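What follows is the content of coords-v5.txt, which has compact mmCIF, C-alpha atoms and all ligand atoms:
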# COMPACT_ATOMS: atom_id res chain seq x y z
CA MET A 574 84.08 125.51 73.12
CA PRO A 575 85.12 126.30 69.57
CA GLN A 576 88.76 127.03 69.13
CA ALA A 577 89.32 130.64 68.20
CA GLN A 578 92.13 130.80 65.77
CA ASP A 579 93.50 133.50 63.64
CA LEU A 580 91.77 133.35 60.27
CA TYR A 581 94.93 134.23 58.40
CA GLU A 582 96.74 131.46 60.21
CA ILE A 583 94.05 128.99 59.26
CA LEU A 584 94.59 129.80 55.59
CA GLY A 585 98.35 130.09 56.09
CA VAL A 586 98.64 133.55 54.60
CA PRO A 587 100.20 136.73 56.02
CA ARG A 588 97.89 139.48 57.24
CA GLY A 589 98.81 141.66 54.31
CA ALA A 590 97.98 138.98 51.73
CA SER A 591 96.16 140.12 48.59
CA GLN A 592 92.66 138.83 47.84
CA ASP A 593 94.17 136.70 45.08
CA GLU A 594 96.70 135.13 47.44
CA ILE A 595 93.91 134.38 49.91
CA ARG A 596 91.85 132.74 47.18
CA LYS A 597 94.76 130.60 46.00
CA ALA A 598 95.62 129.51 49.55
CA TYR A 599 91.99 128.62 50.13
CA LEU A 600 91.67 126.57 46.94
CA LYS A 601 94.81 124.67 47.78
CA LEU A 602 93.63 123.83 51.30
CA ALA A 603 90.08 123.05 50.22
CA HIS A 604 91.52 120.62 47.70
CA LYS A 605 93.81 119.04 50.29
CA TYR A 606 91.04 118.48 52.85
CA HIS A 607 88.33 117.53 50.38
CA PRO A 608 86.46 114.40 51.56
CA ASP A 609 87.39 112.67 48.27
CA LYS A 610 91.03 112.95 49.28
CA THR A 611 90.76 112.28 52.98
CA GLY A 612 88.17 109.53 52.89
CA GLY A 613 85.85 111.74 54.89
CA ASN A 614 87.37 111.41 58.36
CA LYS A 615 85.99 113.65 61.08
CA GLU A 616 89.19 115.58 61.71
CA ALA A 617 89.60 116.53 58.07
CA GLU A 618 85.96 117.45 57.92
CA ASP A 619 86.31 119.85 60.86
CA LYS A 620 89.42 121.30 59.31
CA LEU A 621 87.59 121.90 56.05
CA LYS A 622 84.78 123.64 57.93
CA GLU A 623 87.32 125.87 59.62
CA ILE A 624 88.93 126.67 56.28
CA ASN A 625 85.58 127.49 54.72
CA ALA A 626 84.62 129.73 57.64
CA ALA A 627 87.92 131.58 57.47
CA TYR A 628 87.64 132.04 53.71
CA ASP A 629 84.06 133.22 54.05
CA VAL A 630 85.29 136.21 56.03
CA LEU A 631 88.58 136.92 54.30
CA LYS A 632 87.29 136.65 50.70
CA ASN A 633 84.96 139.54 51.36
CA PRO A 634 86.93 142.80 51.66
CA GLU A 635 84.24 144.36 53.85
CA LYS A 636 84.10 141.45 56.28
CA ARG A 637 87.84 141.20 56.21
CA GLU A 638 88.18 144.84 57.18
CA LYS A 639 85.79 144.30 60.08
CA TYR A 640 87.68 141.24 61.14
CA ASP A 641 90.93 143.19 61.05
CA ARG A 642 89.36 145.85 63.21
CA PHE A 643 87.56 143.66 65.73
CA GLY A 644 89.15 140.32 65.43
CA ALA A 645 92.38 138.79 66.43
CA ALA A 646 94.95 141.29 65.36
CA ASP A 647 98.63 140.66 65.81
CA GLY A 648 99.31 139.55 69.31
CA SER A 649 95.88 140.32 70.62
CA ASN A 650 94.63 136.76 70.42
CA PRO A 651 95.92 134.58 73.21
CA PHE A 652 94.82 131.43 71.40
CA GLY A 653 96.22 132.11 68.01
CA GLY A 654 99.72 131.31 69.17
CA GLY A 655 102.58 133.76 69.08
CA ASN A 656 101.70 136.34 71.66
CA PRO A 657 104.54 138.78 71.14
CA PHE A 658 103.93 140.46 74.47
CA GLY A 659 104.70 137.27 76.24
CA GLY A 660 103.94 136.05 79.68
CA GLN A 661 100.38 136.25 80.64
CA GLY A 662 98.52 135.65 77.37
CA GLY A 663 95.26 133.85 77.91
CA GLU A 664 95.68 133.22 81.59
CA GLY A 665 92.47 133.30 83.53
CA PHE A 666 90.40 133.51 80.38
CA GLU A 667 87.32 131.42 80.86
CA ALA A 668 84.41 133.12 79.18
CA PRO A 669 82.93 130.93 76.46
CA PHE A 670 82.73 132.52 73.07
CA ASP A 671 81.60 131.39 69.70
CA ASP A 672 82.23 134.40 67.67
CA PHE A 673 85.33 135.82 66.13
CA PHE A 674 84.35 139.28 67.17
CA ASP A 675 83.76 138.44 70.79
CA MET A 676 87.01 136.85 71.41
CA LEU A 677 88.97 139.92 72.29
CA PHE A 678 86.76 140.62 75.21
CA GLY A 679 87.72 139.58 78.69
CA GLN A 680 91.19 138.73 77.62
CA GLN A 681 93.09 141.67 79.00
CA GLY A 682 95.79 139.22 80.01
CA GLY A 683 97.07 139.22 76.47
CA ARG A 684 97.37 142.97 76.27
CA ARG A 685 100.47 144.93 76.31
CA GLY A 686 100.69 146.27 79.78
CA GLY A 687 103.46 147.85 81.72
CA ARG A 688 106.90 148.56 80.50
CA ARG A 689 109.08 145.85 79.27
CA ALA A 690 112.54 145.71 80.58
CA GLY A 691 115.42 146.71 78.42
CA GLY A 692 116.50 149.59 76.24
CA GLY A 693 115.63 150.15 72.60
CA ALA A 694 112.24 150.66 70.98
CA GLN A 695 109.27 149.72 73.11
CA PRO A 696 105.66 149.83 71.95
CA GLY A 697 103.36 152.07 73.97
CA ASN A 698 100.78 150.70 76.36
CA ASP A 699 97.32 149.83 75.13
CA LEU A 700 94.44 151.61 76.78
CA GLU A 701 90.96 150.36 77.46
CA LEU A 702 87.80 152.40 77.78
CA ARG A 703 84.23 151.39 78.41
CA LEU A 704 81.49 152.94 76.35
CA SER A 705 77.83 152.66 77.14
CA LEU A 706 75.29 152.77 74.28
CA THR A 707 71.53 152.69 74.11
CA LEU A 708 69.96 149.79 72.23
CA LYS A 709 68.95 152.19 69.47
CA GLU A 710 72.52 153.39 69.05
CA ALA A 711 73.66 149.77 68.92
CA ALA A 712 71.03 149.08 66.25
CA LYS A 713 71.83 152.06 64.06
CA GLY A 714 75.51 152.47 64.69
CA ALA A 715 76.82 155.71 66.11
CA LYS A 716 79.60 158.20 65.93
CA LYS A 717 80.80 158.86 69.46
CA LYS A 718 83.38 161.17 70.89
CA VAL A 719 85.30 159.64 73.74
CA ARG A 720 87.52 161.64 76.06
CA PHE A 721 90.22 160.07 78.15
CA ASN A 722 93.58 160.77 79.70
CA ARG A 723 96.65 159.23 78.30
CA ASN A 724 100.37 159.63 78.65
CA GLU A 725 102.05 161.75 76.01
CA THR A 726 105.73 162.19 75.35
CA CYS A 727 106.93 165.06 77.52
CA GLY A 728 107.66 168.04 75.27
CA ASP A 729 110.24 169.55 77.60
CA CYS A 730 112.64 166.63 77.58
CA ASN A 731 111.41 164.94 74.38
CA GLY A 732 110.67 161.82 76.37
CA SER A 733 114.18 161.33 77.71
CA GLY A 734 113.15 162.22 81.25
CA ALA A 735 116.40 164.17 81.73
CA ALA A 736 116.38 167.93 82.40
CA ALA A 737 117.45 170.28 79.62
CA GLY A 738 121.19 170.19 79.07
CA SER A 739 121.63 166.78 80.70
CA GLN A 740 121.48 163.27 79.34
CA PRO A 741 120.34 160.01 80.86
CA GLN A 742 123.36 157.85 81.72
CA THR A 743 123.64 154.24 80.71
CA CYS A 744 123.16 152.07 83.79
CA SER A 745 126.51 150.61 84.87
CA GLU A 746 124.90 147.67 86.63
CA CYS A 747 123.25 146.14 83.58
CA GLY A 748 125.16 147.92 80.85
CA GLY A 749 121.93 149.42 79.49
CA SER A 750 120.08 146.16 78.83
CA GLY A 751 117.83 146.66 81.86
CA GLN A 752 118.24 143.00 82.73
CA ILE A 753 120.52 141.05 84.99
CA ARG A 754 121.30 137.45 84.12
CA ALA A 755 121.97 135.14 87.03
CA ALA A 756 122.98 131.50 86.87
CA HIS A 757 121.07 128.98 88.97
CA GLY A 758 122.65 125.61 88.43
CA PHE A 759 121.83 124.61 84.86
CA PHE A 760 119.44 127.50 84.33
CA SER A 761 120.11 131.10 83.86
CA VAL A 762 117.41 133.49 84.94
CA THR A 763 117.00 137.06 83.84
CA ARG A 764 115.32 139.62 86.02
CA PRO A 765 114.90 143.38 85.75
CA CYS A 766 117.90 145.41 86.88
CA HIS A 767 117.32 146.75 90.39
CA ARG A 768 119.48 149.82 89.88
CA CYS A 769 117.68 151.30 86.87
CA GLY A 770 114.39 149.48 87.37
CA GLY A 771 114.71 147.86 83.95
CA ALA A 772 114.99 151.09 82.02
CA GLY A 773 118.66 150.60 81.21
CA LYS A 774 119.30 154.26 81.95
CA ILE A 775 119.82 156.37 85.04
CA ILE A 776 118.50 159.92 85.15
CA SER A 777 120.45 161.92 87.70
CA ASN A 778 118.92 165.29 86.83
CA PRO A 779 115.22 164.59 86.08
CA CYS A 780 113.08 166.83 83.88
CA LYS A 781 110.87 169.10 86.03
CA SER A 782 107.79 168.76 83.86
CA CYS A 783 107.53 164.97 83.97
CA GLY A 784 109.63 164.14 87.02
CA GLY A 785 111.87 161.93 84.88
CA ALA A 786 109.09 159.72 83.54
CA GLY A 787 109.47 161.14 80.02
CA GLN A 788 105.67 161.18 79.68
CA VAL A 789 102.91 163.43 81.00
CA LYS A 790 99.17 162.83 81.27
CA GLN A 791 97.07 164.70 78.76
CA SER A 792 93.42 164.73 77.86
CA ARG A 793 92.57 163.36 74.44
CA GLU A 794 89.36 163.18 72.46
CA VAL A 795 88.84 160.59 69.76
CA SER A 796 85.88 160.21 67.45
CA VAL A 797 84.83 156.58 67.13
CA ASP A 798 82.58 155.01 64.51
CA ILE A 799 80.49 152.36 66.20
CA PRO A 800 79.18 149.90 63.61
CA ALA A 801 75.54 148.83 63.72
CA GLY A 802 74.94 145.55 65.52
CA VAL A 803 77.39 145.80 68.40
CA ASP A 804 76.44 144.13 71.66
CA THR A 805 77.69 144.11 75.20
CA GLY A 806 81.03 142.40 74.98
CA SER A 807 81.89 143.75 71.53
CA GLN A 808 85.24 145.43 71.48
CA LEU A 809 86.55 147.97 69.05
CA ARG A 810 90.17 148.64 68.44
CA VAL A 811 91.30 152.10 67.47
CA THR A 812 94.77 151.56 66.14
CA GLY A 813 97.48 153.90 67.33
CA GLU A 814 95.43 155.79 69.92
CA GLY A 815 97.11 154.22 72.93
CA GLU A 816 100.12 155.60 74.76
CA PRO A 817 103.26 156.61 72.88
CA GLY A 818 106.05 154.12 72.51
CA ARG A 819 109.55 154.70 73.84
CA GLY A 820 112.75 154.88 71.93
CA GLY A 821 110.91 155.12 68.62
CA GLY A 822 108.50 152.28 69.37
CA PRO A 823 104.95 152.47 67.95
CA ARG A 824 101.98 153.79 69.87
CA GLY A 825 99.73 151.31 71.62
CA ASP A 826 96.11 150.86 70.62
CA LEU A 827 92.92 152.05 72.22
CA TYR A 828 90.36 149.35 72.97
CA ILE A 829 86.75 150.32 73.49
CA ALA A 830 84.63 147.82 75.37
CA ILE A 831 81.00 148.26 74.42
CA GLN A 832 78.20 147.97 76.89
CA VAL A 833 74.65 148.13 75.56
CA GLN A 834 72.11 149.38 78.09
CA SER A 835 68.99 147.37 78.69
CA ASP A 836 65.82 148.82 77.26
CA GLU A 837 62.47 148.81 79.00
CA ARG A 838 60.51 148.00 75.86
CA PHE A 839 62.84 145.68 73.98
CA ARG A 840 64.71 142.60 74.97
CA ARG A 841 67.55 141.52 72.73
CA ASP A 842 68.62 138.02 71.91
CA GLY A 843 71.43 138.26 69.38
CA THR A 844 69.82 139.81 66.31
CA THR A 845 66.29 139.06 67.52
CA ILE A 846 64.31 141.70 69.36
CA LEU A 847 61.48 140.68 71.65
CA CYS A 848 58.71 143.03 72.59
CA GLU A 849 55.50 142.57 74.55
CA VAL A 850 52.44 144.45 73.37
CA PRO A 851 49.19 144.59 75.37
CA ILE A 852 45.94 144.44 73.39
CA SER A 853 42.36 144.60 74.56
CA PHE A 854 40.21 141.48 74.74
CA THR A 855 37.92 142.92 72.09
CA GLN A 856 40.86 143.48 69.73
CA ALA A 857 41.95 139.90 70.41
CA ALA A 858 38.45 138.57 69.70
CA LEU A 859 37.57 140.71 66.69
CA GLY A 860 41.04 141.19 65.21
CA ASP A 861 42.64 144.58 64.64
CA THR A 862 45.66 146.38 63.29
CA VAL A 863 47.79 147.59 66.19
CA ARG A 864 50.75 149.95 66.37
CA VAL A 865 53.89 148.36 67.73
CA PRO A 866 57.23 149.98 68.55
CA THR A 867 60.37 148.67 66.87
CA ILE A 868 63.97 149.76 67.31
CA SER A 869 63.78 151.52 63.97
CA GLY A 870 60.46 153.26 64.54
CA GLU A 871 56.85 152.24 64.50
CA ALA A 872 55.29 149.30 62.67
CA GLU A 873 51.80 147.96 62.17
CA LEU A 874 50.84 144.47 63.19
CA LYS A 875 47.68 142.72 61.98
CA VAL A 876 46.27 140.75 64.88
CA PRO A 877 43.84 138.14 63.50
CA ALA A 878 40.45 137.54 65.06
CA GLY A 879 40.60 134.93 67.82
CA THR A 880 44.15 135.72 68.95
CA GLN A 881 45.08 134.22 72.32
CA THR A 882 47.15 135.89 74.97
CA GLY A 883 50.84 135.01 74.60
CA ALA A 884 50.57 134.59 70.83
CA GLN A 885 53.75 135.62 69.05
CA PHE A 886 54.10 137.38 65.73
CA ARG A 887 57.24 137.83 63.70
CA LEU A 888 58.09 141.13 62.06
CA ARG A 889 60.73 140.18 59.53
CA GLY A 890 63.83 142.32 59.25
CA LEU A 891 62.85 144.67 62.06
CA GLY A 892 65.32 143.30 64.60
CA MET A 893 69.00 144.05 65.09
CA PRO A 894 71.48 144.15 62.22
CA ASP A 895 74.24 141.56 62.30
CA LEU A 896 77.61 143.05 63.19
CA ARG A 897 79.32 141.12 60.40
CA GLY A 898 76.80 142.19 57.82
CA TYR A 899 74.81 138.97 57.67
CA GLY A 900 71.47 140.71 57.30
CA THR A 901 69.06 141.90 59.95
CA GLY A 902 67.17 139.85 62.52
CA ASP A 903 63.43 139.84 63.23
CA GLN A 904 61.31 141.37 65.92
CA ILE A 905 59.05 139.00 67.80
CA VAL A 906 55.91 140.61 69.19
CA LYS A 907 54.23 138.77 72.01
CA VAL A 908 50.69 140.00 72.54
CA VAL A 909 49.24 140.06 76.01
CA VAL A 910 45.45 140.18 76.15
CA GLU A 911 44.37 142.57 78.85
CA THR A 912 41.19 141.84 80.77
CA PRO A 913 39.33 145.10 81.35
CA LYS A 914 38.89 146.49 84.85
CA LYS A 915 36.56 149.09 86.42
CA LEU A 916 33.63 148.24 84.19
CA SER A 917 30.68 150.61 84.05
CA LYS A 918 27.14 149.40 84.58
CA ARG A 919 26.48 149.52 80.86
CA GLN A 920 29.64 147.54 80.06
CA LYS A 921 28.69 144.89 82.57
CA GLU A 922 25.23 144.58 81.04
CA LEU A 923 26.70 144.14 77.60
CA LEU A 924 29.15 141.53 78.76
CA LYS A 925 26.50 139.62 80.64
CA GLU A 926 24.38 139.59 77.55
CA PHE A 927 27.40 138.49 75.55
CA GLN A 928 27.98 135.65 78.00
CA GLU A 929 24.39 134.49 77.71
CA ILE A 930 24.56 134.11 73.98
CA SER A 931 28.02 132.48 74.00
CA ASP A 932 28.47 128.74 73.92
CA GLN A 933 31.27 126.18 73.94
CA GLU A 934 31.81 126.69 70.20
CA ASN A 935 33.33 130.03 71.08
CA TYR A 936 35.78 128.41 73.48
CA PRO A 937 37.42 125.34 71.90
CA LEU A 938 40.22 125.30 74.51
CA TYR A 939 37.75 125.22 77.34
CA ARG A 940 35.72 122.57 75.60
CA ARG A 941 38.76 120.33 75.12
CA PHE A 942 39.60 120.84 78.77
CA LEU A 943 36.11 119.71 79.81
CA ASP A 944 36.20 116.70 77.51
CA SER A 945 39.57 115.48 78.72
CA PHE A 946 38.94 115.89 82.42
CA PHE A 947 35.26 115.38 82.87
CA GLY A 948 34.27 113.69 79.57
CA ASP A 949 33.79 110.10 80.76
ZN ZN B 1001 110.09 165.65 80.68
ZN ZN B 1002 120.41 148.77 85.07

Show me this structure written as structure tokens.
Amino acid sequence: MPQAQDLYEILGVPRGASQDEIRKAYLKLAHKYHPDKTGGNKEAEDKLKEINAAYDVLKNPEKREKYDRFGAADGSNPFGGGNPFGGQGGEGFEAPFDDFFDMLFGQQGGRRGGRRAGGGAQPGNDLELRLSLTLKEAAKGAKKKVRFNRNETCGDCNGSGAAAGSQPQTCSECGGSGQIRAAHGFFSVTRPCHRCGGAGKIISNPCKSCGGAGQVKQSREVSVDIPAGVDTGSQLRVTGEGEPGRGGGPRGDLYIAIQVQSDERFRRDGTTILCEVPISFTQAALGDTVRVPTISGEAELKVPAGTQTGAQFRLRGLGMPDLRGYGTGDQIVKVVVETPKKLSKRQKELLKEFQEISDQENYPLYRRFLDSFFGD
């Protein structure tokens, strides 16, 4: 399993680094790990590959922007070290992945969830939504409106949770920290304060609108640009559309988990689209130009004379676009030769006549079969 690491970390630059800084950092590292310097050992070689791959994305402002949107953003990557939300990062994450853009998926453990103990600024919770797309939408990209409920700061108490004219009181048990420190031999353990539940404050006269929570559920609609090429498992982050923070903390983010519906005509394998097209046995024998569906409309396929059932043809560039902008895949058309049924008398006559004037020259496969099994 390839190690997913933050691309900025690999190059040793901050997320806000300029393109020039990224280039300089890359050149320095590429020089350091160059086989001429390292004597070509395997470890250095792998490192150089990693550096090249990271630079390939970050040198290109478009790819970099996509990476910033989909990829391991601050704290969202349980493998990139430094999970600021602590605790459960990466636990239970097993799904194999080989793609920077897939690595957010299935990794909810690293998300901000629940309230952290203690007073002061706290970032808002992240939210996750699932969004189902047709294969066509995934191929073209789409603008989708998503509606969901999220907590908003209560307008009546401005988020304090205390009724008008009253104030939350600092918890006397923990002194407002929300945590109690207890000594156990050599260790000291902190746990959330039982009196205030970790909030650090006690509300004796709760706000009627929010019941003291400081937040109320509200419906929200967000318009999301889905880039072309997404697949089931792709995840989009909409920055700042999660729940509001507390005590001046920033809003959480909204994560949209994409699910691409299966299509009855097309099967997808990465950027390749597979499609089965039935043709008649006369078309297969004589050759023909047939109409085939593609995800971007209709195309024509020249089927040469003497085509066998199961033959595959490649329509270049008519598959799925690559999410990272590395071109567009192909469509593979597999033709299935259909044997006619319910023949009329006249059709039977013609076919019988056809059979009479056919010989083994017309059927090289059959002839080879006879030679190999019954030849000697
Ligand atoms: Zn309120
Ligand atoms: Zn307390």

Specify the axis-aligned box that encloses all atoms of segment 848-866 of chain A listed in the file after padding of 6 Å on each side, stating its centre and edge lengths in Å to one decimal as JSON.
{"center_x": 48.1, "center_y": 144.3, "center_z": 69.3, "size_x": 33.1, "size_y": 23.4, "size_z": 24.1}

> Within 10 Å of ligand ZN 1001 (chain B), counting only C-alpha atoms and all ligand atoms, which protein or nucleic acid residues do you find, written as a list in words?
Replying inline: Thr726, Cys727, Gly728, Asp729, Cys730, Asn731, Gly732, Ser733, Gly734, Ala735, Ala736, Ala737, Pro779, Cys780, Lys781, Ser782, Cys783, Gly784, Gly785, Ala786, Gly787, Gln788 and Val789 of chain A

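For the atom pair formed by atom CA of Lys632 of chain A and atom CA of Gly806 of chain A, the distance is 25.7 Å, given to one decimal.
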
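By chain and then residue number, the residues within 6 Å of segment 712-716 of chain A are Val797, Asp798, Ile799, Pro800, Ala801, Gly802 and Met893 of chain A, counting only C-alpha atoms and disregarding those fewer than 5 positions away in sequence.
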
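Here the question is which of A:Gln856, A:Ser835, A:Ser739, A:Gln928 gets nearest to Val876 of chain A using all atoms listed in the file, and that residue is A:Gln856.
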
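Among the candidate residues A:Pro608, A:Gly697, A:Pro765, A:Gly613, the one lying nearest to ligand ZN 1002 (chain B) is A:Pro765, with distances computed using all atoms listed in the file.
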
Could you produce a table of the residues of chain A lying within 10 Å of ligand ZN 1002 (chain B), with the nearest pair of atoms per residue and their separation in Å rounded to one decimal, using all atoms listed in the file, ordered by chain and increasing residue number, as JSON lines?
{"residue": "A:Ala690", "atom": "CA", "partner": "B:ZN1002", "partner_atom": "ZN", "distance": 9.6}
{"residue": "A:Gly691", "atom": "CA", "partner": "B:ZN1002", "partner_atom": "ZN", "distance": 8.6}
{"residue": "A:Gly692", "atom": "CA", "partner": "B:ZN1002", "partner_atom": "ZN", "distance": 9.7}
{"residue": "A:Thr743", "atom": "CA", "partner": "B:ZN1002", "partner_atom": "ZN", "distance": 7.7}
{"residue": "A:Cys744", "atom": "CA", "partner": "B:ZN1002", "partner_atom": "ZN", "distance": 4.5}
{"residue": "A:Ser745", "atom": "CA", "partner": "B:ZN1002", "partner_atom": "ZN", "distance": 6.4}
{"residue": "A:Glu746", "atom": "CA", "partner": "B:ZN1002", "partner_atom": "ZN", "distance": 4.9}
{"residue": "A:Cys747", "atom": "CA", "partner": "B:ZN1002", "partner_atom": "ZN", "distance": 4.1}
{"residue": "A:Gly748", "atom": "CA", "partner": "B:ZN1002", "partner_atom": "ZN", "distance": 6.4}
{"residue": "A:Gly749", "atom": "CA", "partner": "B:ZN1002", "partner_atom": "ZN", "distance": 5.8}
{"residue": "A:Ser750", "atom": "CA", "partner": "B:ZN1002", "partner_atom": "ZN", "distance": 6.8}
{"residue": "A:Gly751", "atom": "CA", "partner": "B:ZN1002", "partner_atom": "ZN", "distance": 4.6}
{"residue": "A:Gln752", "atom": "CA", "partner": "B:ZN1002", "partner_atom": "ZN", "distance": 6.6}
{"residue": "A:Ile753", "atom": "CA", "partner": "B:ZN1002", "partner_atom": "ZN", "distance": 7.7}
{"residue": "A:Pro765", "atom": "CA", "partner": "B:ZN1002", "partner_atom": "ZN", "distance": 7.7}
{"residue": "A:Cys766", "atom": "CA", "partner": "B:ZN1002", "partner_atom": "ZN", "distance": 4.6}
{"residue": "A:His767", "atom": "CA", "partner": "B:ZN1002", "partner_atom": "ZN", "distance": 6.5}
{"residue": "A:Arg768", "atom": "CA", "partner": "B:ZN1002", "partner_atom": "ZN", "distance": 5.0}
{"residue": "A:Cys769", "atom": "CA", "partner": "B:ZN1002", "partner_atom": "ZN", "distance": 4.1}
{"residue": "A:Gly770", "atom": "CA", "partner": "B:ZN1002", "partner_atom": "ZN", "distance": 6.5}
{"residue": "A:Gly771", "atom": "CA", "partner": "B:ZN1002", "partner_atom": "ZN", "distance": 5.9}
{"residue": "A:Ala772", "atom": "CA", "partner": "B:ZN1002", "partner_atom": "ZN", "distance": 6.6}
{"residue": "A:Gly773", "atom": "CA", "partner": "B:ZN1002", "partner_atom": "ZN", "distance": 4.6}
{"residue": "A:Lys774", "atom": "CA", "partner": "B:ZN1002", "partner_atom": "ZN", "distance": 6.4}
{"residue": "A:Ile775", "atom": "CA", "partner": "B:ZN1002", "partner_atom": "ZN", "distance": 7.6}

>> Need the shell around segment 860-868 of chain A: protein/DNA/RNA residues with any atom at most 10 Å away, counting only C-alpha atoms. Skip same-chain ones fewer than 4 positions apart. Format as a ChimeraX atom specification?
In response: /A:708-713,838-839,846-856,872-880,888,891-893,904-906

Mind dumping the selected residues with C-alpha atoms as a CSV table (one decimal), in the frame of the given file?
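That gives us part_14.csv:
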chain,number,residue,atom,x,y,z
A,708,LEU,CA,70.0,149.8,72.2
A,709,LYS,CA,69.0,152.2,69.5
A,710,GLU,CA,72.5,153.4,69.0
A,711,ALA,CA,73.7,149.8,68.9
A,712,ALA,CA,71.0,149.1,66.2
A,713,LYS,CA,71.8,152.1,64.1
A,838,ARG,CA,60.5,148.0,75.9
A,839,PHE,CA,62.8,145.7,74.0
A,846,ILE,CA,64.3,141.7,69.4
A,847,LEU,CA,61.5,140.7,71.6
A,848,CYS,CA,58.7,143.0,72.6
A,849,GLU,CA,55.5,142.6,74.6
A,850,VAL,CA,52.4,144.4,73.4
A,851,PRO,CA,49.2,144.6,75.4
A,852,ILE,CA,45.9,144.4,73.4
A,853,SER,CA,42.4,144.6,74.6
A,854,PHE,CA,40.2,141.5,74.7
A,855,THR,CA,37.9,142.9,72.1
A,856,GLN,CA,40.9,143.5,69.7
A,872,ALA,CA,55.3,149.3,62.7
A,873,GLU,CA,51.8,148.0,62.2
A,874,LEU,CA,50.8,144.5,63.2
A,875,LYS,CA,47.7,142.7,62.0
A,876,VAL,CA,46.3,140.8,64.9
A,877,PRO,CA,43.8,138.1,63.5
A,878,ALA,CA,40.4,137.5,65.1
A,879,GLY,CA,40.6,134.9,67.8
A,880,THR,CA,44.2,135.7,69.0
A,888,LEU,CA,58.1,141.1,62.1
A,891,LEU,CA,62.8,144.7,62.1
A,892,GLY,CA,65.3,143.3,64.6
A,893,MET,CA,69.0,144.0,65.1
A,904,GLN,CA,61.3,141.4,65.9
A,905,ILE,CA,59.0,139.0,67.8
A,906,VAL,CA,55.9,140.6,69.2

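Take atom CA of Asp699 of chain A and atom CA of Ala627 of chain A: the distance between them is 27.1 Å.
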
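Using all atoms listed in the file, the shortest contact distance between Leu809 of chain A and any of A:Val833, A:Val762, A:Leu704, A:Ala857 is found at A:Leu704.
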
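Put simply, atom CA of Lys622 of chain A is 12.2 Å away from atom CA of Leu580 of chain A.
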
>> Which residues are close to Leu602 of chain A, i.e. within 8 Å by all atoms listed in the file, leaving aside same-chain residues fewer than 2 positions away? Reply as a ChimeraX atom specification.
In response: /A:584,598-600,604-606,621,624

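Comparing the minimum interatomic distances between Glu911 of chain A and each of A:Ala755, A:Ala858, A:Val586, A:Ala617, counting only C-alpha atoms, we find that A:Ala858 sits nearest.
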
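Checking A:Gln885, A:Asn625, A:Ser777, A:Asn614 one by one against Arg596 of chain A, counting only C-alpha atoms, you find the shortest gap at A:Asn625.
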